[in-house]
file query_33.txt (compact mmCIF, C-alpha atoms and all ligand atoms)
# COMPACT_ATOMS: atom_id res chain seq x y z
CA MET A 1 -6.36 -2.01 -32.81
CA VAL A 2 -10.03 -1.13 -33.06
CA LYS A 3 -10.79 1.90 -35.13
CA PRO A 4 -11.55 4.78 -32.78
CA HIS A 5 -15.04 6.19 -32.89
CA ILE A 6 -16.62 9.47 -31.87
CA HIS A 7 -18.30 9.49 -28.45
CA THR A 8 -19.71 12.99 -28.74
CA LEU A 9 -20.29 15.04 -31.84
CA ILE A 10 -21.19 18.65 -31.24
CA ARG A 11 -22.52 20.66 -34.16
CA SER A 12 -22.46 24.41 -33.85
CA ARG A 13 -21.89 27.64 -35.73
CA ARG A 14 -18.15 27.25 -35.34
CA ARG A 15 -16.07 27.55 -38.51
CA THR A 16 -13.59 24.73 -38.12
CA ILE A 17 -13.64 21.10 -37.11
CA CYS A 18 -11.88 20.24 -33.89
CA LEU A 19 -11.03 17.04 -32.09
CA THR A 20 -10.32 16.51 -28.41
CA ILE A 21 -9.82 13.52 -26.16
CA THR A 22 -11.14 13.98 -22.64
CA GLU A 23 -9.45 12.81 -19.44
CA ASN A 24 -11.64 9.71 -19.39
CA ALA A 25 -10.77 8.73 -22.95
CA GLN A 26 -13.83 10.10 -24.74
CA VAL A 27 -13.40 11.29 -28.31
CA VAL A 28 -15.17 14.61 -28.81
CA VAL A 29 -15.55 16.23 -32.22
CA LYS A 30 -16.84 19.76 -32.65
CA ALA A 31 -17.90 20.60 -36.18
CA PRO A 32 -19.67 23.36 -38.09
CA PHE A 33 -23.25 22.63 -39.22
CA TRP A 34 -22.31 22.53 -42.89
CA ILE A 35 -19.73 19.75 -42.65
CA THR A 36 -20.90 16.39 -44.02
CA ALA A 37 -20.73 13.04 -42.26
CA ARG A 38 -18.37 11.92 -44.99
CA TYR A 39 -16.02 14.80 -44.28
CA ILE A 40 -16.01 13.93 -40.59
CA GLU A 41 -15.24 10.30 -41.40
CA ASP A 42 -12.27 11.30 -43.57
CA PHE A 43 -11.12 13.63 -40.84
CA MET A 44 -11.30 10.80 -38.29
CA ASN A 45 -9.35 8.49 -40.60
CA LYS A 46 -6.62 11.05 -40.99
CA LYS A 47 -6.39 11.54 -37.24
CA GLN A 48 -6.65 7.83 -36.41
CA ASN A 49 -3.03 7.28 -35.38
CA TRP A 50 -3.00 10.37 -33.24
CA ILE A 51 -6.22 9.31 -31.50
CA ILE A 52 -4.94 5.79 -30.85
CA LYS A 53 -1.73 7.17 -29.36
CA LYS A 54 -3.65 9.52 -27.09
CA LEU A 55 -6.06 6.82 -25.93
CA GLU A 56 -3.18 4.49 -25.15
CA ALA A 57 -1.40 7.17 -23.15
CA ILE A 58 -4.56 7.63 -21.06
CA LYS A 59 -4.82 3.88 -20.49
CA GLU A 60 -1.21 3.76 -19.28
CA ARG A 61 -1.73 6.43 -16.67
CA PRO A 62 -1.69 5.16 -13.11
CA LYS A 63 -5.15 5.06 -11.59
CA ALA A 64 -5.88 6.86 -8.35
CA LYS A 65 -7.38 4.73 -5.63
CA ILE A 66 -10.12 6.26 -3.56
CA LYS A 67 -8.78 6.66 -0.06
CA GLU A 68 -10.45 4.69 2.71
CA TYR A 69 -8.28 6.08 5.52
CA GLU A 70 -7.37 2.66 6.83
CA ASN A 71 -4.18 1.52 8.51
CA GLY A 72 -1.43 0.77 6.00
CA GLU A 73 -3.00 2.70 3.17
CA GLU A 74 -0.49 4.60 1.00
CA PHE A 75 -0.24 8.38 0.93
CA LEU A 76 2.19 10.43 -1.15
CA TYR A 77 4.30 13.22 0.24
CA LEU A 78 7.04 14.82 -1.88
CA GLY A 79 7.01 11.80 -4.15
CA LYS A 80 7.53 9.27 -1.34
CA VAL A 81 4.97 6.75 -0.19
CA TYR A 82 3.98 6.77 3.48
CA ASN A 83 1.65 4.26 5.07
CA LEU A 84 -1.21 5.56 7.10
CA ARG A 85 -1.27 4.78 10.78
CA ILE A 86 -4.16 5.62 13.05
CA VAL A 87 -2.82 6.47 16.51
CA PRO A 88 -4.09 7.96 19.75
CA SER A 89 -2.50 11.41 19.73
CA ARG A 90 -3.17 15.05 20.54
CA ILE A 91 -1.70 16.08 17.18
CA PRO A 92 -4.26 15.56 14.40
CA VAL A 93 -1.82 14.62 11.61
CA LYS A 94 1.90 14.07 11.78
CA LEU A 95 4.50 12.72 9.39
CA LYS A 96 7.11 10.36 10.81
CA ASP A 97 8.10 7.08 9.18
CA GLU A 98 4.41 6.81 8.56
CA LEU A 99 1.61 9.31 8.16
CA GLU A 100 0.03 9.33 11.58
CA ILE A 101 -3.58 10.37 12.00
CA SER A 102 -5.05 10.83 15.43
CA THR A 103 -8.11 8.80 16.39
CA ASN A 104 -9.48 12.10 17.73
CA VAL A 105 -10.06 13.59 14.29
CA TRP A 106 -12.70 11.07 13.26
CA PRO A 107 -15.14 11.56 11.59
CA LYS A 108 -13.43 14.68 10.19
CA HIS A 109 -10.30 12.73 9.24
CA LYS A 110 -10.46 13.61 5.54
CA GLU A 111 -10.60 17.30 6.31
CA ALA A 112 -7.74 16.96 8.81
CA VAL A 113 -5.48 15.27 6.28
CA LYS A 114 -6.31 17.85 3.63
CA ILE A 115 -5.54 20.71 6.03
CA TRP A 116 -2.23 19.08 6.87
CA TYR A 117 -1.32 18.79 3.16
CA GLN A 118 -2.32 22.41 2.60
CA GLU A 119 -0.13 23.61 5.45
CA GLU A 120 2.81 21.57 4.20
CA ALA A 121 2.25 22.90 0.69
CA ALA A 122 2.20 26.50 1.93
CA LYS A 123 5.54 26.00 3.71
CA ILE A 124 7.32 24.13 0.95
CA ILE A 125 5.97 26.11 -2.00
CA GLY A 126 6.73 29.34 -0.10
CA ASP A 127 10.33 28.20 0.43
CA ARG A 128 10.80 27.11 -3.17
CA CYS A 129 9.33 30.38 -4.46
CA ALA A 130 11.77 32.34 -2.30
CA TYR A 131 14.67 30.24 -3.53
CA PHE A 132 13.84 30.49 -7.23
CA SER A 133 12.73 34.17 -7.07
CA GLU A 134 16.27 35.05 -6.21
CA ILE A 135 17.78 32.97 -9.01
CA MET A 136 15.26 34.30 -11.52
CA ASP A 137 15.33 37.87 -10.27
CA CYS A 138 11.61 38.33 -9.78
CA GLU A 139 9.20 38.86 -6.94
CA PRO A 140 5.64 37.61 -6.80
CA VAL A 141 3.09 40.04 -5.34
CA SER A 142 1.53 37.19 -3.36
CA ILE A 143 1.54 33.41 -3.15
CA ARG A 144 -1.69 31.59 -2.48
CA ILE A 145 -2.29 27.88 -2.03
CA SER A 146 -5.41 26.86 -3.91
CA ASN A 147 -7.70 23.89 -4.04
CA ALA A 148 -7.46 23.60 -7.84
CA THR A 149 -7.65 20.10 -9.21
CA ARG A 150 -6.70 20.43 -12.86
CA ARG A 151 -4.45 23.45 -12.64
CA TRP A 152 -1.13 23.17 -10.82
CA GLY A 153 -0.37 26.84 -10.81
CA SER A 154 -1.32 30.20 -12.23
CA CYS A 155 -0.02 33.73 -12.40
CA SER A 156 -2.22 36.82 -12.63
CA ALA A 157 -1.38 39.90 -14.66
CA ARG A 158 -0.71 41.66 -11.36
CA GLY A 159 1.87 39.06 -10.36
CA LYS A 160 -0.19 37.04 -7.90
CA LEU A 161 0.73 33.36 -7.93
CA ASN A 162 -1.55 30.44 -7.13
CA PHE A 163 -0.45 26.87 -6.54
CA SER A 164 -2.50 23.76 -5.95
CA TRP A 165 -1.71 22.14 -2.58
CA ARG A 166 -1.76 18.76 -4.36
CA LEU A 167 1.71 19.58 -5.70
CA VAL A 168 3.16 18.67 -2.33
CA MET A 169 2.40 15.03 -3.15
CA ALA A 170 4.74 15.19 -6.15
CA PRO A 171 8.54 14.84 -5.99
CA ILE A 172 10.23 18.14 -5.14
CA GLU A 173 11.73 18.53 -8.64
CA ILE A 174 8.22 18.38 -10.10
CA LEU A 175 6.95 20.96 -7.62
CA ASP A 176 9.99 23.06 -8.52
CA TYR A 177 9.05 22.94 -12.18
CA VAL A 178 5.61 24.42 -11.47
CA VAL A 179 7.19 27.10 -9.26
CA VAL A 180 9.72 28.01 -11.94
CA HIS A 181 6.97 28.01 -14.58
CA GLU A 182 4.82 30.48 -12.65
CA LEU A 183 7.79 32.67 -11.67
CA ALA A 184 8.81 32.82 -15.34
CA HIS A 185 5.37 34.32 -16.03
CA LEU A 186 6.41 37.32 -13.94
CA HIS A 187 8.82 38.05 -16.81
CA GLU A 188 6.65 36.79 -19.66
CA LEU A 189 2.90 36.55 -19.19
CA ASN A 190 2.47 34.10 -22.07
CA HIS A 191 3.85 30.82 -23.37
CA SER A 192 6.13 32.36 -25.97
CA ARG A 193 9.54 31.10 -27.00
CA ARG A 194 11.08 33.62 -24.64
CA PHE A 195 9.00 32.26 -21.80
CA TRP A 196 10.15 28.67 -22.38
CA ALA A 197 13.75 29.82 -22.79
CA LYS A 198 13.48 31.39 -19.36
CA VAL A 199 12.12 28.15 -17.85
CA LYS A 200 14.81 26.15 -19.61
CA SER A 201 17.60 28.39 -18.36
CA VAL A 202 16.67 27.36 -14.81
CA LEU A 203 15.47 23.80 -15.47
CA PRO A 204 17.08 22.40 -18.64
CA ASP A 205 15.03 19.19 -18.42
CA TYR A 206 11.67 20.82 -17.72
CA LYS A 207 10.01 18.79 -20.47
CA GLU A 208 10.57 15.62 -18.47
CA LYS A 209 8.80 17.23 -15.52
CA GLN A 210 5.85 18.19 -17.71
CA LYS A 211 5.59 14.63 -18.92
CA TRP A 212 5.71 13.30 -15.38
CA LEU A 213 2.90 15.63 -14.33
CA ARG A 214 0.68 14.73 -17.25
CA LYS A 215 1.17 11.03 -16.65
CA ASN A 216 0.94 10.94 -12.88
CA GLU A 217 -1.68 13.57 -12.33
CA PRO A 218 -4.26 11.00 -11.10
CA LEU A 219 -1.94 10.01 -8.23
CA LEU A 220 -1.80 13.52 -6.82
CA SER A 221 -5.15 13.38 -5.11
CA LEU A 222 -6.76 12.25 -1.90
ZN ZN B 1 1.95 29.00 -17.91
call {"tool": "encode", "arguments": {"input": "query_33.txt", "output": "structure tokens"}}
result
Amino acid sequence: MVKPHIHTLIRSRRRTICLTITENAQVVVKAPFWITARYIEDFMNKKQNWIIKKLEAIKERPKAKIKEYENGEEFLYLGKVYNLRIVPSRIPVKLKDELEISTNVWPKHKEAVKIWYQEEAAKIIGDRCAYFSEIMDCEPVSIRISNATRRWGSCSARGKLNFSWRLVMAPIEILDYVVVHELAHLHELNHSRRFWAKVKSVLPDYKEKQKWLRKNEPLLSL
């Protein structure tokens, strides 16, 4: 294994040294002005195994293919793969054995597919929120479907929940994890031990779901 090196070194008035690996496998080190190059080198040596592990995990992640919207192309819906089929139809987008897109929607086909996913997400996430709200004895003030890319869900201090429509591409148990996570914030607006205990009481294997999301995140996109 090649020794990892720093892609970006940012010096600032910060007080501690910090290391992050970006989504595209770049090693970023933030360091105070006063820290020597030697110190940074030692720091990198100490962190070497951790960095290598992280970089390998990024390499193993499935890569998202840019969609061309051609017949036979694969689209995910609730964790299942559907092939795209371009058909003459009055309905813009419809899911059968395949994901059917009407010839009429061109050239706004991308928008049409996105709208369809958003509508599906609103229905399914709404249903799952209702189901788990009852189990968890809580009630969100509102549920909104967002366009967020890196954030699957959020919960405001006032109890408003947001969910990314991209979740509807994931298997239902993964979507459920994000729903349960955000609903648990209605009890605990933090990531304390009590919060995770709450999540675990509903989904004992939630850690597996987290892992799945981290690994497969690139697939949940158009
Ligand atoms: Zn959270």
call {"tool": "residues_near_point", "arguments": {"input": "query_33.txt", "point": "(1.8, 7.7, -19.1)", "cutoff": "9 Å", "atoms": "only C-alpha atoms", "output": "list in words"}}
result
Glu56, Ala57, Ile58, Lys59, Glu60, Arg61, Pro62, Lys211, Trp212, Arg214, Lys215 and Asn216 of chain A
call {"tool": "closest_residue", "arguments": {"input": "query_33.txt", "among": "A:Phe195, A:Phe75, A:Tyr117, A:Trp50", "to": "ligand ZN 1 (chain B)", "atoms": "all atoms listed in the file"}}
result
A:Phe195
call {"tool": "residues_near_ligand", "arguments": {"input": "query_33.txt", "ligand": "ligand ZN 1 (chain B)", "cutoff": "7 Å", "atoms": "only C-alpha atoms and all ligand atoms", "output": "number ranges by chain"}}
result
A: 154, 181-182, 185, 190-191
call {"tool": "atom_distance", "arguments": {"input": "query_33.txt", "atom1": "atom CA of A:Leu84", "atom2": "atom CA of A:Asn71"}}
result
5.2 Å
call {"tool": "atom_distance", "arguments": {"input": "query_33.txt", "atom1": "atom CA of A:Ser192", "atom2": "atom CA of A:Pro218"}}
result
28.0 Å
call {"tool": "closest_residue", "arguments": {"input": "query_33.txt", "among": "A:Asp42, A:His5, A:Ile143, A:Phe33", "to": "A:Ile21", "atoms": "all atoms listed in the file"}}
result
A:His5
call {"tool": "axis_aligned_box", "arguments": {"input": "query_33.txt", "around": "stretch 75-81 of chain A", "padding_each_side": "5 Å", "output": "JSON"}}
result
{"center_x": 3.6, "center_y": 10.8, "center_z": -1.6, "size_x": 17.8, "size_y": 18.1, "size_z": 15.1}
call {"tool": "closest_residue", "arguments": {"input": "query_33.txt", "among": "A:Ile125, A:Ile135, A:Val141, A:Ala130", "to": "A:Glu173", "atoms": "only C-alpha atoms"}}
result
A:Ile125
call {"tool": "residues_around", "arguments": {"input": "query_33.txt", "residues": "A:Val27", "least_positions_apart": "5", "cutoff": "7 Å", "atoms": "all atoms listed in the file", "output": "ChimeraX atom specification"}}
result
/A:6-8,20-22
call {"tool": "write_last_selection", "arguments": {"input": "query_33.txt", "atoms": "C-alpha atoms", "output": "PDB file, keeping the file's coordinate frame"}}
result
ATOM      1  CA  ILE A   6     -16.620   9.470 -31.870  1.00  0.00           C
ATOM      2  CA  HIS A   7     -18.300   9.490 -28.450  1.00  0.00           C
ATOM      3  CA  THR A   8     -19.710  12.990 -28.740  1.00  0.00           C
ATOM      4  CA  THR A  20     -10.320  16.510 -28.410  1.00  0.00           C
ATOM      5  CA  ILE A  21      -9.820  13.520 -26.160  1.00  0.00           C
ATOM      6  CA  THR A  22     -11.140  13.980 -22.640  1.00  0.00           C
TER       7      THR A  22
END
call {"tool": "atom_distance", "arguments": {"input": "query_33.txt", "atom1": "atom CA of A:Arg15", "atom2": "atom CA of A:Asn45"}}
result
20.3 Å
call {"tool": "residues_near_point", "arguments": {"input": "query_33.txt", "point": "(-1.4, 28.1, -3.0)", "cutoff": "10 Å", "atoms": "only C-alpha atoms", "output": "PyMOL selection string"}}
result
chain A and resi 118-119+121-123+125-126+142-148+152-154+161-167
call {"tool": "closest_residue", "arguments": {"input": "query_33.txt", "among": "A:Asp176, A:Glu120, A:Glu100, A:Glu70", "to": "A:Pro88", "atoms": "only C-alpha atoms"}}
result
A:Glu100
call {"tool": "closest_residue", "arguments": {"input": "query_33.txt", "among": "A:Lys3, A:Arg85, A:Ser12, A:Leu203", "to": "A:Lys46", "atoms": "all atoms listed in the file"}}
result
A:Lys3
call {"tool": "closest_residue", "arguments": {"input": "query_33.txt", "among": "A:Leu76, A:Ala112, A:Ala170, A:Val180", "to": "A:Val202", "atoms": "all atoms listed in the file"}}
result
A:Val180
call {"tool": "residues_around", "arguments": {"input": "query_33.txt", "residues": "A:Phe43", "least_positions_apart": "4", "cutoff": "10 Å", "atoms": "only C-alpha atoms", "output": "JSON list (two decimals) with C-alpha atoms, in the frame of the given file"}}
result
[["chain", "number", "residue", "atom", "x", "y", "z"],
["A", 17, "ILE", "CA", -13.64, 21.10, -37.11],
["A", 18, "CYS", "CA", -11.88, 20.24, -33.89],
["A", 19, "LEU", "CA", -11.03, 17.04, -32.09],
["A", 37, "ALA", "CA", -20.73, 13.04, -42.26],
["A", 38, "ARG", "CA", -18.37, 11.92, -44.99],
["A", 39, "TYR", "CA", -16.02, 14.80, -44.28],
["A", 47, "LYS", "CA", -6.39, 11.54, -37.24],
["A", 48, "GLN", "CA", -6.65, 7.83, -36.41]]
call {"tool": "decode", "arguments": {"input": "query_33.txt", "residues": "stretch 145-169 of chain A", "atoms": "N, CA and C atoms", "output": "CSV table (one decimal), in the first residue's frame"}}
result
chain,number,residue,atom,x,y,z
A,145,ILE,N,-40.9,16.9,1.7
A,145,ILE,CA,-39.9,16.1,0.8
A,145,ILE,C,-39.0,17.1,0.2
A,146,SER,N,-37.7,16.9,0.5
A,146,SER,CA,-36.7,17.9,0.0
A,146,SER,C,-35.9,17.4,-1.1
A,147,ASN,N,-35.1,18.2,-1.7
A,147,ASN,CA,-34.2,17.9,-2.8
A,147,ASN,C,-32.8,17.7,-2.3
A,148,ALA,N,-32.6,17.5,-1.0
A,148,ALA,CA,-31.3,17.4,-0.4
A,148,ALA,C,-30.5,16.2,-1.1
A,149,THR,N,-29.2,16.4,-1.3
A,149,THR,CA,-28.4,15.4,-1.8
A,149,THR,C,-27.6,14.6,-0.8
A,150,ARG,N,-27.0,15.4,0.2
A,150,ARG,CA,-26.2,14.7,1.1
A,150,ARG,C,-26.8,14.4,2.5
A,151,ARG,N,-28.1,14.9,2.6
A,151,ARG,CA,-28.7,14.8,3.9
A,151,ARG,C,-30.0,14.0,3.7
A,152,TRP,N,-30.2,12.8,4.3
A,152,TRP,CA,-31.4,12.0,4.0
A,152,TRP,C,-32.6,12.5,4.8
A,153,GLY,N,-32.4,13.1,5.9
A,153,GLY,CA,-33.5,13.7,6.7
A,153,GLY,C,-33.0,14.7,7.7
A,154,SER,N,-34.0,15.5,8.2
A,154,SER,CA,-33.6,16.4,9.3
A,154,SER,C,-34.9,16.7,10.0
A,155,CYS,N,-34.7,17.2,11.2
A,155,CYS,CA,-35.8,17.5,12.1
A,155,CYS,C,-35.5,18.9,12.8
A,156,SER,N,-36.4,19.8,12.7
A,156,SER,CA,-36.2,21.1,13.2
A,156,SER,C,-36.6,21.1,14.7
A,157,ALA,N,-36.2,22.2,15.4
A,157,ALA,CA,-36.5,22.3,16.8
A,157,ALA,C,-38.0,22.3,17.0
A,158,ARG,N,-38.7,22.8,16.0
A,158,ARG,CA,-40.2,22.9,16.1
A,158,ARG,C,-40.9,21.6,15.7
A,159,GLY,N,-40.1,20.6,15.3
A,159,GLY,CA,-40.7,19.4,15.0
A,159,GLY,C,-41.1,19.2,13.6
A,160,LYS,N,-40.5,20.0,12.7
A,160,LYS,CA,-40.8,19.8,11.3
A,160,LYS,C,-39.7,18.9,10.7
A,161,LEU,N,-40.2,17.9,10.0
A,161,LEU,CA,-39.3,16.9,9.4
A,161,LEU,C,-39.1,17.1,7.9
A,162,ASN,N,-37.9,16.9,7.5
A,162,ASN,CA,-37.6,16.9,6.0
A,162,ASN,C,-37.0,15.6,5.6
A,163,PHE,N,-37.3,15.1,4.5
A,163,PHE,CA,-36.7,13.9,3.9
A,163,PHE,C,-36.4,14.1,2.5
A,164,SER,N,-35.2,13.6,2.1
A,164,SER,CA,-34.8,13.6,0.7
A,164,SER,C,-35.7,12.6,-0.1
A,165,TRP,N,-36.2,13.1,-1.3
A,165,TRP,CA,-37.0,12.2,-2.1
A,165,TRP,C,-36.1,11.0,-2.6
A,166,ARG,N,-34.8,11.1,-2.6
A,166,ARG,CA,-33.9,10.1,-3.1
A,166,ARG,C,-34.0,8.8,-2.3
A,167,LEU,N,-34.5,8.9,-1.1
A,167,LEU,CA,-34.7,7.8,-0.2
A,167,LEU,C,-35.6,6.7,-0.8
A,168,VAL,N,-36.5,7.1,-1.7
A,168,VAL,CA,-37.5,6.2,-2.3
A,168,VAL,C,-36.8,5.2,-3.2
A,169,MET,N,-35.5,5.5,-3.5
A,169,MET,CA,-34.7,4.6,-4.3
A,169,MET,C,-34.2,3.4,-3.5
